[in-house]
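Chemist: Dropping a structure here in structure tokens format, bear with me for questions.
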Amino acid sequence: MRFSEKTIVVTGAASGLGLAIAQGAAAEGARIIALDRTASPFADNRVCDIADEDQVKNALGGLSRIDAVVNSAGIARRAKVDETSMADFDAVMAVNLRGAFLVSKYALALMRPQGGSILHLSSGVATTGTRNRAAYTASKGALLSLTRNMALDYAADKIRVNCLCPGFVNTPLLATITPERRAKLAALHPLGRLGEAEDLVPMALLLISDQGSWITGQAIAVDGGYNVGHSDDI
């Protein structure tokens with residue numbers, strides 16, 4: 001199994017992409033350190049607000065080794081710049097960007113002795129314009145840039161850093177949308193459907209495993225063709 005005797009930290013592990021990736025890694029032998037604001041179904045479940053530096057330090061305290069980190073926790077707000085409150089902007093940045101920064105910061109010392117991999121969950125909206133998602137798009141674009149910077153900074157430590165850029169995926173973030181909006185979102189993907197969390201798992205596990213040992217600094221789209229363009233004949 002690819003992750004036997006490996007310790008993998010996953011944020012947002014209680015639901016959505018984080019849960020699916022953590023379950024996939026666990027099925028291949030990983031010890032999962034699950035970080036989330038709510039309880040997750042893993043033996044080593046650590047309730048943590050990843051935007052709080054002290055909570056992150058405490059959550060990772062006591063570990064002697066980390067082989068990989070998956071920064072999956074994220075929230076979204078739907079609004080344009082002039083319609084976004086500072087509270088909403090700060091909340092999105094705190095979880096999506098600051099949280100990934102802090103977890104990476106305190107994991108790195110436990111990764112350096114043996115090397116490892118960090119995977120940020122960015123988004124297809126980081127690389128293409130999307131209306132009415134100012135704060136969310138900004139946070140995901142920043143994660144993409146952080147990925148490239150970290151890949152350069154930690155290559156000498158044999159720590160690889162990549163990000164995934166999903167299209168729109170059936171996770172709790174989309175749970176409340178109307179059927180009409182769901183159909184419109186699906187139509188934006190040339191493959192004709194929204195993604196499922198399980199669609200992201202194979203690539204995520206590849207990137208954090210030794211099979212991805214020559215991949216770093218990359219933003220990889222698993223998105224049903226979302227970033228290729230839109231399939232309507234106009």
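Ligands are numbered from 1 in the order shown, residues from 1 within each chain, and chains are lettered A, B, ... in the order they appear in the structure tokens.
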Name the residues in contact with Arg98 in chain A at a cut-off of 12 Å, using only C-alpha atoms, excluding same-chain residues fewer than 6 positions from it; report them as a list in words.
Modeler: Asp49, Ile50, Ala51, Asp52, Glu53, Val56, Asn71, Ala73, Gly74, Asp90, Ala91, Val92, Ser104, Lys105, His120, Ser139, Lys140, Ala142, Leu143 and Leu146 of chain A
Chemist: Restrict the selected residues to C-alpha atoms and save them as a compact mmCIF listing (two decimals), in the first residue's frame.
Modeler:
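For reference, out23.txt as written:
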```
# COMPACT_ATOMS: atom_id res chain seq x y z
CA ASP A 49 -9.91 26.21 13.87
CA ILE A 50 -7.07 26.31 11.37
CA ALA A 51 -7.23 30.11 11.21
CA ASP A 52 -6.06 30.26 14.84
CA GLU A 53 -2.28 29.91 15.15
CA VAL A 56 -2.86 24.79 14.87
CA ASN A 71 -5.04 21.55 2.91
CA ALA A 73 -10.64 23.10 4.39
CA GLY A 74 -12.49 25.89 2.66
CA ASP A 90 -11.86 38.10 6.28
CA ALA A 91 -13.66 34.83 7.04
CA VAL A 92 -12.94 33.41 3.58
CA SER A 104 1.94 24.20 6.37
CA LYS A 105 4.08 26.41 8.59
CA HIS A 120 -3.33 22.70 -1.43
CA SER A 139 -8.29 33.24 -1.81
CA LYS A 140 -7.92 30.40 -4.31
CA ALA A 142 -3.48 33.25 -3.65
CA LEU A 143 -3.22 29.53 -2.86
CA LEU A 146 1.63 30.20 -2.55
```
Chemist: Might you pull out every residue within 12 Å of range 7-9 of chain A, with only C-alpha atoms counted and same-chain residues fewer than 6 positions away left off, and present them as an MDAnalysis selection string?
Modeler: chainID A and resid 18:19 21:26 28:36 42 44:46 56 59:60 63:73 100 103:104 106:108 110:111 114 116:120 205 208:209
Chemist: Enumerate as a ChimeraX atom specification all residues of range 27-217 of chain A assigned to helix (DSSP H, G or I) by DSSP on the backbone, naming them with the chain letters and numbers the document uses.
Modeler: /A:27,53-60,81-83,86-111,124-126,134-157,172-174,179-187,197-208,210-212
Chemist: Neighbouring residues of Phe168 in chain A were defined as those with any atom within 8 Å, considering only C-alpha atoms; residues of the same chain fewer than 5 positions away were excluded. Please report them as a PyMOL selection string.
Modeler: chain A and resi 185-186+194-195+223
Chemist: For Ala135 in chain A, list every protein, DNA or RNA residue within 9 Å, evaluated using only C-alpha atoms, and leave out those in the same chain fewer than 3 positions away; present the list as a ChimeraX atom specification.
Modeler: /A:76-81,84,88-90,92-93,132,138-140
Chemist: Calculated over only C-alpha atoms, which of the candidates A:Val95, A:Ala204, A:Val228, A:Ala197 has the smallest distance to Thr127 in chain A?
Modeler: A:Val228
Chemist: Measuring atom to atom with only C-alpha atoms, identify which of A:Ser213, A:Ser85, A:Pro113, A:Val125 is nearest to Asp157 in chain A.
Modeler: A:Pro113
Chemist: Taking only range 54-190 of chain A into account, list the residues labelled strand (DSSP E or B) by DSSP (computed from the backbone), as a list in words.
Modeler: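 Going through range 54-190 of chain A, the strand (DSSP E or B) residues come out as Ala68, Val69, Val70, Asn71, Ala79, Gly116, Ser117, Ile118, Leu119, His120, Leu121, Arg133, Ile159, Arg160, Val161, Asn162, Cys163, Leu164, Cys165, Pro166, Val169 and Asn170 of chain A.
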Chemist: For CA of Cys165 in chain A and CA of Gly16 in chain A, quote the distance in Å rounded to one decimal.
Modeler: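 CA of Gly16 in chain A lies at a distance of 14.7 Å from CA of Cys165 in chain A.
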